[in-house]
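Colleague: Compact mmCIF, C-alpha atoms, saved as my_file01.txt, coming up:
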# COMPACT_ATOMS: atom_id res chain seq x y z
CA MET A 1225 0.00 0.00 0.00
CA GLU A 1226 1.34 3.42 -0.92
CA PRO A 1227 1.83 5.87 1.97
CA GLU A 1228 -0.53 8.49 0.57
CA ASN A 1229 -3.38 6.01 0.12
CA HIS A 1230 -3.76 4.63 3.64
CA LYS A 1231 -4.66 8.11 4.99
CA THR A 1232 -7.63 8.40 2.64
CA LYS A 1233 -8.58 4.81 3.40
CA ALA A 1234 -8.57 5.59 7.15
CA VAL A 1235 -11.10 8.40 6.62
CA ASN A 1236 -13.31 6.14 4.48
CA VAL A 1237 -13.17 3.34 7.06
CA LEU A 1238 -14.18 5.68 9.90
CA ARG A 1239 -17.01 7.21 7.82
CA SER A 1240 -18.37 3.80 6.87
CA ARG A 1241 -18.32 2.72 10.53
CA ILE A 1242 -20.24 5.80 11.66
CA CYS A 1243 -22.91 5.10 9.00
CA ASP A 1244 -23.14 1.38 9.82
CA PRO A 1245 -25.65 0.60 12.63
CA LYS A 1246 -24.30 -2.96 12.80
CA PHE A 1247 -20.86 -1.72 13.89
CA ILE A 1248 -22.42 0.64 16.45
CA PHE A 1249 -25.12 -1.50 18.06
CA ASN A 1250 -24.20 -5.11 17.27
CA ASN A 1251 -22.78 -5.89 20.67
CA ASP A 1252 -22.06 -9.33 22.13
CA ASN A 1253 -22.39 -7.93 25.63
CA PRO A 1254 -25.32 -9.83 27.24
CA ASP A 1255 -26.42 -6.60 28.99
CA SER A 1256 -26.82 -4.66 25.73
CA ASN A 1257 -30.32 -3.97 24.39
CA TYR A 1258 -29.35 -5.73 21.15
CA SER A 1259 -28.59 -9.00 23.00
CA LYS A 1260 -31.66 -8.75 25.24
CA LEU A 1261 -34.05 -8.05 22.36
CA LYS A 1262 -32.58 -10.78 20.16
CA PHE A 1263 -32.88 -13.31 22.98
CA MET A 1264 -36.53 -12.40 23.68
CA ILE A 1265 -37.64 -12.59 20.04
CA SER A 1266 -35.57 -15.71 19.19
CA SER A 1267 -37.02 -17.44 22.28
CA SER A 1268 -40.52 -16.69 21.00
CA VAL A 1269 -39.59 -18.14 17.59
CA THR A 1270 -37.87 -21.32 18.83
CA GLU A 1271 -40.24 -22.05 21.73
CA ALA A 1272 -43.39 -21.17 19.73
CA CYS A 1273 -44.72 -18.73 22.34
CA ASN A 1274 -46.34 -15.31 22.16
CA ASN A 1275 -44.68 -12.17 23.44
CA SER A 1276 -45.16 -8.39 23.61
CA ILE A 1277 -42.29 -5.95 24.17
CA LEU A 1278 -41.98 -2.18 24.41
CA LEU A 1279 -38.87 -0.31 23.24
CA LEU A 1280 -38.86 3.04 25.03
CA GLY A 1281 -36.47 5.97 24.82
CA PRO A 1282 -36.01 9.48 23.37
CA ARG A 1283 -35.82 10.02 19.63
CA GLY A 1284 -32.41 9.23 18.15
CA SER A 1285 -31.48 6.76 20.92
CA GLY A 1286 -31.24 3.76 18.54
CA LYS A 1287 -34.55 1.94 19.09
CA ASN A 1288 -35.35 1.39 15.40
CA ALA A 1289 -31.70 0.74 14.48
CA VAL A 1290 -31.34 -2.04 17.08
CA LEU A 1291 -34.70 -3.56 16.15
CA GLU A 1292 -33.82 -3.62 12.44
CA LEU A 1293 -30.48 -5.32 13.20
CA VAL A 1294 -32.20 -7.97 15.32
CA ILE A 1295 -34.86 -8.63 12.66
CA GLN A 1296 -32.22 -8.91 9.90
CA ASP A 1297 -30.23 -11.40 11.99
CA LEU A 1298 -33.30 -13.49 12.80
CA LEU A 1299 -34.47 -13.52 9.16
CA GLN A 1300 -31.08 -14.98 8.25
CA GLU A 1301 -31.23 -17.58 11.04
CA TYR A 1302 -34.92 -18.50 10.54
CA PRO A 1303 -35.75 -17.47 6.95
CA ASP A 1304 -38.93 -19.58 6.73
CA SER A 1305 -40.16 -19.07 10.29
CA ILE A 1306 -40.66 -15.31 10.50
CA SER A 1307 -42.83 -12.72 8.77
CA VAL A 1308 -42.78 -9.02 9.69
CA ILE A 1309 -45.74 -6.63 9.65
CA ARG A 1310 -44.93 -2.92 10.10
CA LEU A 1311 -47.34 -0.19 11.19
CA ASN A 1312 -46.75 3.44 12.11
CA GLY A 1313 -48.99 5.38 14.48
CA LEU A 1314 -48.65 8.50 12.35
CA LEU A 1315 -50.27 6.66 9.42
CA HIS A 1316 -52.37 3.88 10.93
CA SER A 1317 -53.59 5.15 14.30
CA ASP A 1318 -57.27 4.62 13.40
CA ASP A 1319 -58.40 0.99 13.61
CA ILE A 1320 -59.89 0.75 10.11
CA SER A 1321 -56.71 1.77 8.27
CA ALA A 1322 -54.55 -0.30 10.66
CA PHE A 1323 -56.45 -3.56 10.03
CA LYS A 1324 -56.55 -2.85 6.29
CA GLU A 1325 -52.75 -2.36 6.26
CA ILE A 1326 -52.21 -5.56 8.28
CA ALA A 1327 -54.42 -7.49 5.83
CA ARG A 1328 -52.56 -6.01 2.84
CA GLN A 1329 -49.12 -6.94 4.22
CA LEU A 1330 -50.27 -10.44 5.24
CA CYS A 1331 -51.65 -10.99 1.73
CA MET A 1332 -48.34 -9.90 0.19
CA GLU A 1333 -46.38 -12.12 2.58
CA HIS A 1334 -48.48 -15.21 1.83
CA GLN A 1335 -49.14 -14.42 -1.85
CA LEU A 1336 -52.90 -13.99 -1.42
CA LEU A 1337 -55.27 -11.61 -3.20
CA PHE A 1338 -55.96 -8.47 -1.19
CA SER A 1339 -59.43 -6.95 -1.31
CA LYS A 1340 -59.63 -3.17 -0.89
CA ALA A 1341 -63.39 -3.46 -0.39
CA ALA A 1342 -63.07 -5.74 2.65
CA SER A 1343 -64.80 -4.39 5.76
CA PHE A 1344 -63.26 -3.80 9.18
CA ASP A 1345 -64.69 -7.09 10.51
CA ASP A 1346 -63.45 -9.00 7.46
CA ASN A 1347 -59.90 -7.74 7.91
CA SER A 1348 -60.01 -8.44 11.67
CA GLN A 1349 -61.22 -12.02 11.15
CA PHE A 1350 -58.69 -12.53 8.36
CA MET A 1351 -55.84 -11.48 10.70
CA VAL A 1352 -56.96 -13.90 13.44
CA ALA A 1353 -57.29 -16.73 10.89
CA ILE A 1354 -53.80 -16.08 9.46
CA LEU A 1355 -52.30 -16.01 12.97
CA LYS A 1356 -53.80 -19.46 13.66
CA GLU A 1357 -52.53 -20.81 10.33
CA CYS A 1358 -49.05 -19.43 11.03
CA GLY A 1359 -49.11 -20.99 14.48
CA LEU A 1360 -49.95 -24.40 12.99
CA ALA A 1361 -47.10 -23.94 10.48
CA HIS A 1362 -44.71 -22.91 13.32
CA LYS A 1363 -44.25 -19.49 11.78
CA THR A 1364 -43.98 -16.37 13.97
CA VAL A 1365 -45.60 -13.10 12.89
CA ILE A 1366 -43.76 -10.04 14.24
CA PHE A 1367 -45.88 -6.87 14.49
CA VAL A 1368 -43.76 -3.70 14.67
CA LEU A 1369 -45.85 -0.77 15.94
CA ASP A 1370 -43.84 2.44 15.58
CA GLU A 1371 -45.14 5.48 17.52
CA PHE A 1372 -46.89 2.98 19.81
CA ASP A 1373 -48.40 5.68 22.04
CA LEU A 1374 -50.58 6.85 19.12
CA PHE A 1375 -52.14 3.37 18.90
CA ALA A 1376 -53.01 3.69 22.60
CA GLN A 1377 -55.47 6.50 21.87
CA GLY A 1378 -59.20 6.01 21.35
CA LYS A 1379 -60.80 2.62 21.87
CA GLN A 1380 -57.54 0.65 21.33
CA ARG A 1381 -59.37 -2.03 19.31
CA LEU A 1382 -56.26 -2.89 17.30
CA LEU A 1383 -54.14 -3.53 20.39
CA TYR A 1384 -56.94 -5.48 22.07
CA SER A 1385 -57.57 -7.64 18.99
CA LEU A 1386 -53.86 -8.38 18.54
CA LEU A 1387 -53.18 -9.23 22.18
CA ASP A 1388 -56.44 -11.15 22.54
CA ALA A 1389 -55.63 -13.27 19.47
CA MET A 1390 -52.24 -14.02 21.06
CA GLN A 1391 -53.97 -15.57 24.07
CA SER A 1392 -54.84 -18.56 21.88
CA ILE A 1393 -52.45 -21.53 21.98
CA ALA A 1394 -52.77 -21.86 18.20
CA SER A 1395 -51.37 -18.40 17.41
CA GLN A 1396 -47.68 -17.49 17.36
CA ALA A 1397 -46.86 -13.76 17.31
CA VAL A 1398 -44.69 -11.03 18.79
CA VAL A 1399 -45.88 -7.43 19.21
CA LEU A 1400 -43.10 -4.84 19.36
CA GLY A 1401 -44.08 -1.31 20.36
CA ILE A 1402 -41.68 1.59 19.79
CA SER A 1403 -42.31 4.87 21.57
CA CYS A 1404 -40.47 7.95 22.82
CA ARG A 1405 -42.91 8.13 25.75
CA LEU A 1406 -41.57 6.31 28.79
CA ASP A 1407 -45.10 6.00 30.18
CA ALA A 1408 -46.51 4.37 27.03
CA ASP A 1409 -47.65 1.24 28.92
CA GLN A 1410 -49.66 3.42 31.32
CA LEU A 1411 -51.78 4.65 28.39
CA LEU A 1412 -53.23 1.16 27.86
CA GLU A 1413 -56.78 0.32 28.91
CA LYS A 1414 -57.22 -2.28 31.66
CA ARG A 1415 -58.40 -4.98 29.23
CA VAL A 1416 -55.35 -4.37 27.00
CA ARG A 1417 -52.87 -4.06 29.86
CA SER A 1418 -53.98 -7.37 31.35
CA ARG A 1419 -53.03 -9.14 28.09
CA PHE A 1420 -49.69 -7.33 27.71
CA SER A 1421 -46.45 -9.09 28.69
CA HIS A 1422 -45.01 -5.95 30.35
CA ARG A 1423 -41.53 -6.49 28.95
CA LYS A 1424 -39.75 -3.18 28.42
CA LEU A 1425 -36.33 -2.18 27.10
CA LEU A 1426 -35.11 1.34 27.88
CA PHE A 1427 -32.86 3.14 25.41
CA LEU A 1428 -31.29 5.94 27.43
CA PRO A 1429 -28.91 8.64 26.15
CA PRO A 1430 -25.27 7.60 26.74
CA SER A 1431 -23.45 9.02 29.77
CA MET A 1432 -20.14 10.86 29.45
CA GLU A 1433 -18.25 7.63 30.14
CA ASP A 1434 -20.33 5.63 27.64
CA SER A 1435 -19.83 8.35 25.01
CA GLN A 1436 -16.06 8.15 25.45
CA LYS A 1437 -16.16 4.35 25.08
CA LEU A 1438 -18.27 4.70 21.94
CA LEU A 1439 -15.78 7.20 20.49
CA MET A 1440 -12.86 4.85 21.16
CA HIS A 1441 -14.80 1.98 19.58
CA MET A 1442 -15.64 4.04 16.48
CA LEU A 1443 -12.29 5.81 15.93
CA THR A 1444 -9.75 3.05 16.64
CA LEU A 1445 -8.17 1.59 13.49
CA PRO A 1446 -7.61 -2.18 13.25
CA ILE A 1447 -3.98 -3.23 13.82
CA ASP A 1448 -3.74 -5.79 11.03
CA SER A 1449 -2.73 -5.93 7.38
CA SER A 1450 -5.35 -3.28 6.44
CA PHE A 1451 -3.02 -0.43 7.45
CA PRO A 1452 0.72 -0.05 8.05
CA HIS A 1453 1.35 -1.24 11.62
CA ASP A 1454 3.22 1.90 12.75
CA TYR A 1455 0.56 4.21 11.28
CA ALA A 1456 -2.34 2.35 12.95
CA VAL A 1457 -0.57 2.30 16.35
CA GLU A 1458 0.24 6.02 16.18
CA PHE A 1459 -3.29 6.87 14.97
CA ASN A 1460 -4.90 4.95 17.86
CA SER A 1461 -2.49 6.51 20.36
CA LYS A 1462 -3.38 10.04 19.16
CA VAL A 1463 -7.12 9.24 19.33
CA GLN A 1464 -6.76 8.00 22.92
CA ASN A 1465 -4.79 11.11 23.90
CA ILE A 1466 -7.49 13.36 22.39
CA ILE A 1467 -10.31 11.54 24.21
CA GLU A 1468 -8.47 11.69 27.55
CA ASP A 1469 -7.58 15.37 27.10
CA ARG A 1470 -9.34 17.77 29.49
CA LYS A 1471 -10.14 20.31 26.76
CA PHE A 1472 -11.75 17.62 24.58
CA LYS A 1473 -13.84 16.39 27.53
CA GLU A 1474 -15.13 19.95 27.97
CA THR A 1475 -16.06 20.12 24.25
CA LEU A 1476 -17.79 16.73 24.44
CA GLU A 1477 -19.63 17.69 27.61
CA ARG A 1478 -20.86 20.92 26.00
CA TYR A 1479 -22.15 18.93 23.05
CA LEU A 1480 -23.87 16.33 25.26
CA ASN A 1481 -25.53 19.14 27.21
CA VAL A 1482 -27.07 20.37 23.95
CA ASP A 1483 -28.07 16.92 22.62
CA SER A 1484 -26.95 13.60 24.07
CA CYS A 1485 -28.76 11.15 21.74
CA VAL A 1486 -26.67 8.59 19.84
CA LYS A 1487 -27.91 9.75 16.44
CA HIS A 1488 -26.60 13.29 16.86
CA LEU A 1489 -23.41 12.13 18.58
CA LEU A 1490 -22.65 10.10 15.44
CA ARG A 1491 -23.34 13.14 13.28
CA PHE A 1492 -20.86 15.08 15.42
CA LEU A 1493 -18.28 12.30 14.91
CA PHE A 1494 -18.85 12.19 11.15
CA CYS A 1495 -18.32 15.93 10.91
CA ALA A 1496 -15.08 15.70 12.92
CA VAL A 1497 -13.73 12.84 10.76
CA SER A 1498 -14.61 14.78 7.59
CA HIS A 1499 -12.34 17.62 8.76
CA MET A 1500 -9.35 15.30 9.29
CA ASP A 1501 -6.17 16.61 7.64
CA LEU A 1502 -5.16 14.19 4.85
CA GLN A 1503 -1.64 15.64 4.82
CA THR A 1504 -0.87 14.38 8.32
CA GLY A 1505 -3.41 11.54 8.27
CA PHE A 1506 -4.33 12.00 11.96
CA LEU A 1507 -7.28 13.37 13.90
CA CYS A 1508 -6.62 16.38 16.14
CA GLN A 1509 -8.42 18.40 18.79
CA GLU A 1510 -9.22 21.14 16.28
CA ASN A 1511 -11.30 18.72 14.14
CA PHE A 1512 -13.74 18.23 17.02
CA GLU A 1513 -13.85 21.96 17.82
CA ILE A 1514 -14.75 22.74 14.20
CA ALA A 1515 -17.38 19.97 14.19
CA PHE A 1516 -18.94 21.33 17.39
CA SER A 1517 -19.14 24.90 16.08
CA SER A 1518 -20.49 23.83 12.68
CA ILE A 1519 -23.39 21.68 13.91
CA GLN A 1520 -24.39 23.72 16.95
CA ARG A 1521 -27.85 25.22 16.42
CA GLN A 1522 -27.47 28.96 15.97
CA PRO A 1523 -30.35 30.33 13.84
CA LYS A 1524 -31.94 32.07 16.83
CA LEU A 1525 -28.60 33.60 17.83
CA GLU A 1526 -28.21 35.02 14.32
CA CYS A 1527 -31.65 36.61 14.66
CA LEU A 1528 -30.76 38.06 18.07
CA ARG A 1529 -27.67 39.76 16.66
CA ASN A 1530 -29.93 41.75 14.33
CA CYS A 1531 -32.51 42.68 16.97
CA SER A 1532 -32.90 46.26 18.14
CA ASN A 1533 -32.40 47.31 21.75
CA LEU A 1534 -36.16 47.58 22.24
CA GLU A 1535 -36.76 44.09 20.82
CA LEU A 1536 -34.27 42.67 23.32
CA HIS A 1537 -36.19 44.38 26.13
CA ILE A 1538 -39.44 42.78 24.91
CA LEU A 1539 -37.84 39.31 24.79
CA VAL A 1540 -36.45 39.70 28.34
CA CYS A 1541 -39.87 40.89 29.54
CA MET A 1542 -41.52 37.79 28.08
CA LYS A 1543 -38.89 35.53 29.65
CA ARG A 1544 -39.53 37.20 33.06
CA LEU A 1545 -43.27 36.60 32.65
CA GLU A 1546 -42.54 32.95 31.83
CA VAL A 1547 -40.49 32.60 35.02
CA LYS A 1548 -43.31 34.20 37.02
CA GLU A 1549 -45.61 31.53 35.52
CA GLN A 1550 -48.10 34.11 34.37
CA SER A 1551 -50.92 32.18 32.73
CA LEU A 1552 -51.68 34.77 30.06
CA CYS A 1553 -48.93 36.60 28.18
CA ASN A 1554 -49.94 39.14 25.55
CA PHE A 1555 -48.71 42.52 24.36
CA ASN A 1556 -50.49 44.34 27.19
CA SER A 1557 -48.87 42.21 29.91
CA VAL A 1558 -45.47 42.63 28.20
CA MET A 1559 -45.93 46.43 28.27
CA LYS A 1560 -46.71 46.32 32.01
CA GLU A 1561 -43.53 44.33 32.61
CA TYR A 1562 -41.55 46.74 30.40
CA LYS A 1563 -42.82 49.73 32.43
CA SER A 1564 -41.97 47.90 35.66
CA MET A 1565 -38.40 47.31 34.42
CA HIS A 1566 -38.07 50.95 33.37
CA ASP A 1567 -39.27 52.19 36.78
CA SER A 1568 -36.98 49.80 38.65
CA PHE A 1569 -33.77 50.66 36.78
CA ARG A 1570 -34.56 54.28 35.83
CA THR A 1571 -33.43 53.72 32.24
CA SER A 1572 -32.88 56.72 29.99
CA GLU A 1573 -34.79 55.20 27.06
CA TYR A 1574 -38.51 54.57 27.25
CA TYR A 1575 -40.38 53.96 23.99
CA SER A 1576 -43.99 54.77 23.27
CA ARG A 1577 -46.66 52.09 23.01
CA ASN A 1578 -46.93 52.36 19.21
CA VAL A 1579 -43.17 51.92 18.76
CA CYS A 1580 -43.23 48.91 21.09
CA LEU A 1581 -46.13 47.40 19.12
CA ARG A 1582 -44.13 47.68 15.87
CA ALA A 1583 -41.14 45.99 17.55
CA PHE A 1584 -43.50 43.30 18.89
CA GLU A 1585 -44.84 42.64 15.37
CA HIS A 1586 -41.29 42.57 14.00
CA LEU A 1587 -40.33 39.83 16.50
CA MET A 1588 -43.39 37.86 15.42
CA HIS A 1589 -42.48 38.27 11.75
CA ARG A 1590 -38.97 36.93 12.49
CA GLU A 1591 -40.50 33.99 14.42
CA MET A 1592 -38.89 34.84 17.74
CA ILE A 1593 -42.40 34.80 19.24
CA CYS A 1594 -45.73 33.45 17.99
CA PHE A 1595 -49.40 33.18 18.93
CA THR A 1596 -50.17 30.28 21.27
CA ASP A 1597 -53.08 29.12 19.05
CA ASN A 1598 -55.23 30.15 16.08
CA ARG A 1599 -58.24 31.07 18.19
CA GLY A 1600 -59.23 34.66 18.69
CA GLN A 1601 -58.14 35.81 15.23
CA SER A 1602 -60.80 38.52 15.36
CA LEU A 1603 -59.08 40.02 18.42
CA SER A 1604 -56.52 42.79 18.17
CA ILE A 1605 -52.88 41.67 18.26
CA GLU A 1606 -52.54 43.43 21.64
CA PHE A 1607 -54.91 40.97 23.32
CA ARG A 1608 -53.95 37.64 21.68
CA PRO A 1609 -51.82 35.31 23.86
CA VAL A 1610 -48.26 34.75 22.64
CA LYS A 1611 -45.27 32.55 23.57
CA LEU A 1612 -41.49 32.69 23.19
CA LEU A 1613 -39.74 30.54 20.58
CA ILE A 1614 -36.29 30.93 22.11
CA SER A 1615 -34.84 29.18 25.17
CA SER A 1616 -33.34 30.92 28.19
CA ALA A 1617 -29.85 29.66 27.30
CA GLU A 1618 -30.11 30.99 23.73
CA LEU A 1619 -31.44 34.35 24.91
CA TYR A 1620 -28.67 34.72 27.50
CA GLN A 1621 -26.00 33.71 24.98
CA GLY A 1622 -27.41 36.17 22.45
CA LEU A 1623 -27.47 39.02 24.97
CA ARG A 1624 -23.83 38.37 25.89
CA ALA A 1625 -22.81 38.45 22.22
CA TYR A 1626 -24.75 41.69 21.61
CA ASN A 1627 -22.24 44.58 21.86
CA SER A 1628 -24.67 47.33 22.84
CA CYS A 1629 -26.81 45.21 25.19
CA PRO A 1630 -27.61 47.13 28.43
CA ALA A 1631 -25.83 45.57 31.43
CA TYR A 1632 -29.02 45.40 33.52
CA LEU A 1633 -30.65 43.02 30.98
CA LEU A 1634 -27.84 40.54 31.58
CA LYS A 1635 -28.27 41.02 35.34
CA LEU A 1636 -31.99 40.30 35.01
CA MET A 1637 -31.31 37.12 33.03
CA ASP A 1638 -28.70 36.03 35.61
CA ARG A 1639 -31.21 36.62 38.38
CA GLU A 1640 -33.99 34.68 36.60
CA GLY A 1641 -31.55 31.86 35.72
The structure given in the file should be rewritten as structure tokens.
Modeller:
Amino acid sequence: MEPENHKTKAVNVLRSRICDPKFIFNNDNPDSNYSKLKFMISSSVTEACNNSILLLGPRGSGKNAVLELVIQDLLQEYPDSISVIRLNGLLHSDDISAFKEIARQLCMEHQLLFSKAASFDDNSQFMVAILKECGLAHKTVIFVLDEFDLFAQGKQRLLYSLLDAMQSIASQAVVLGISCRLDADQLLEKRVRSRFSHRKLLFLPPSMEDSQKLLMHMLTLPIDSSFPHDYAVEFNSKVQNIIEDRKFKETLERYLNVDSCVKHLLRFLFCAVSHMDLQTGFLCQENFEIAFSSIQRQPKLECLRNCSNLELHILVCMKRLEVKEQSLCNFNSVMKEYKSMHDSFRTSEYYSRNVCLRAFEHLMHREMICFTDNRGQSLSIEFRPVKLLISSAELYQGLRAYNSCPAYLLKLMDREG
């Protein structure tokens, strides 16, 4: 291998790893969610028993990625013993469309003719009949219900029918619910909950220590014939030094404070690897700093830089009203708070009501604030309830970056924080 080629190859290897869920989640550790989920589903397939499992965790935590890996592995191990039916609560939350979609997928799976004109009862009876036939043929039907909490709304006839059919010895099925709501099982009716297996897997955001382990796992090059031995050893040594460096830990901690989900951590890694210098062929601290600054959300901060002094006052007033937990926040209540601030600090500038109203409308046009709902459109803008679209941290950061920001606004934000 030529010396100039292995540096490009190293970047390509790291990029392919970051984009490969199998490398990230396929873990032989028996305590990993991958191992637990695979064991539960494979046990249901081999022992011909019914099961229902919930995968719970915030968005981007790897629920779908782990499930897809497990299903792919099981389809390779038991190609003739598994069929997968997929539903999404955003598309199939009403019972009629859900049963129709189940019937359509079952017909495709078993090469049967699907009838669009079939009624709700026809599709329901067809599903129960197919489950019994699959049970007799020792074939497991896996139902994947994404956005599970949306299926738990209304009368929950789909969930009841599925779980009730699984009470039969003849049927053989697994119901997998995926939800970002940790209390999804508490949304179930009593009749549904009594038939549920109450098996849950939690996908939690990685801790600082887990994130560092993941980074080492992702960024370490293999010490084999793929790369020159000396290059791979030096590359891995530099990566370990970066991860153990205090400054890097501060950068990583800042990023995890913004968003700690696995999905976005991988995006951060991909961005850092993409900035690797191909001349030296090694990662450095600066690559991660650039990645952090490039993917950090800053659209609101850009808007704040272009705000007038009066608009900043209005935003701080609204934030103070939020902290006071005032139930109704509209232009009139903001003006009262603005007058209160002016009286307290004896500021030299005090703008008229009409000027403040124009600044208020300008903030709404720039989507820094918005109406809480569409009701009351006949009311004047002064009386309609509004809410802030910027967090306290973003507002404070924007005020600090604003050169002509009055010092007392920062003091007010410090006090409220």
Colleague: Mind running range 1460-1548 of chain A against range 1229-1247 of chain A at 9 Å and telling me each contacting residue's nearest atom pair with the distance in Å (one decimal), counting only C-alpha atoms, chain and number ascending, as CSV?
Modeller:
residue,atom,partner,partner_atom,distance
A:Leu1490,CA,A:Ile1242,CA,6.2
A:Arg1491,CA,A:Ile1242,CA,8.1
A:Leu1493,CA,A:Ile1242,CA,7.5
A:Phe1494,CA,A:Arg1239,CA,6.3
A:Val1497,CA,A:Val1235,CA,6.6
A:Ser1498,CA,A:Val1235,CA,7.3
A:Met1500,CA,A:Val1235,CA,7.6
A:Leu1502,CA,A:Lys1231,CA,6.1
A:Gln1503,CA,A:Lys1231,CA,8.1
A:Thr1504,CA,A:Lys1231,CA,8.0
A:Gly1505,CA,A:Lys1231,CA,4.9
A:Phe1506,CA,A:Lys1231,CA,8.0
Colleague: If we count only C-alpha atoms and set the cut-off at 12 Å, which residues sit around range 1412-1425 of chain A, ignoring sequence neighbours fewer than 5 positions away in its own chain? Please answer as a ChimeraX atom specification.
Modeller: /A:1255-1262,1264-1265,1273-1281,1285-1287,1290-1291,1372-1392,1398-1404,1406-1407
Colleague: Can you tell me which residues surround Lys1611 in chain A at a distance of at most 8 Å, considering only C-alpha atoms, apart from same-chain residues fewer than 6 positions away, and format the answer as a PyMOL selection string?
Modeller: chain A and resi 1542+1553+1593-1596
Colleague: Given all atoms listed in the file, how would the per-residue table for range 1521-1602 of chain A near range 1622-1636 of chain A read, listing every residue at most 10 Å away with its closest atom pair and distance in Å to one decimal, sorted by chain and number, as a Markdown table?
Modeller:
| residue | atom | partner | partner_atom | distance |
| --- | --- | --- | --- | --- |
| A:Gln1522 | CA | A:Gly1622 | CA | 9.7 |
| A:Lys1524 | CA | A:Gly1622 | CA | 8.3 |
| A:Leu1525 | CA | A:Gly1622 | CA | 5.4 |
| A:Glu1526 | CA | A:Gly1622 | CA | 8.2 |
| A:Cys1527 | CA | A:Gly1622 | CA | 8.9 |
| A:Leu1528 | CA | A:Gly1622 | CA | 5.8 |
| A:Arg1529 | CA | A:Tyr1626 | CA | 6.1 |
| A:Asn1530 | CA | A:Tyr1626 | CA | 8.9 |
| A:Cys1531 | CA | A:Tyr1626 | CA | 9.1 |
| A:Ser1532 | CA | A:Cys1629 | CA | 9.4 |
| A:Asn1533 | CA | A:Cys1629 | CA | 6.9 |
| A:Leu1536 | CA | A:Leu1623 | CA | 7.9 |
| A:His1537 | CA | A:Leu1633 | CA | 7.5 |
| A:Val1540 | CA | A:Leu1633 | CA | 7.2 |
| A:Cys1541 | CA | A:Leu1633 | CA | 9.6 |
| A:Lys1543 | CA | A:Leu1636 | CA | 10.0 |
| A:Arg1544 | CA | A:Leu1636 | CA | 8.4 |
| A:Met1565 | CA | A:Leu1633 | CA | 9.5 |
| A:Phe1569 | CA | A:Tyr1632 | CA | 7.8 |
| A:Thr1571 | CA | A:Tyr1632 | CA | 9.5 |
Colleague: So the first atom is CA of Met1559 in chain A and the second is CA of Leu1581 in chain A; what is the distance between them in Å, to one decimal place?
Modeller: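 Taking CA of Met1559 in chain A as the start and CA of Leu1581 in chain A as the end point, the length is 9.2 Å.
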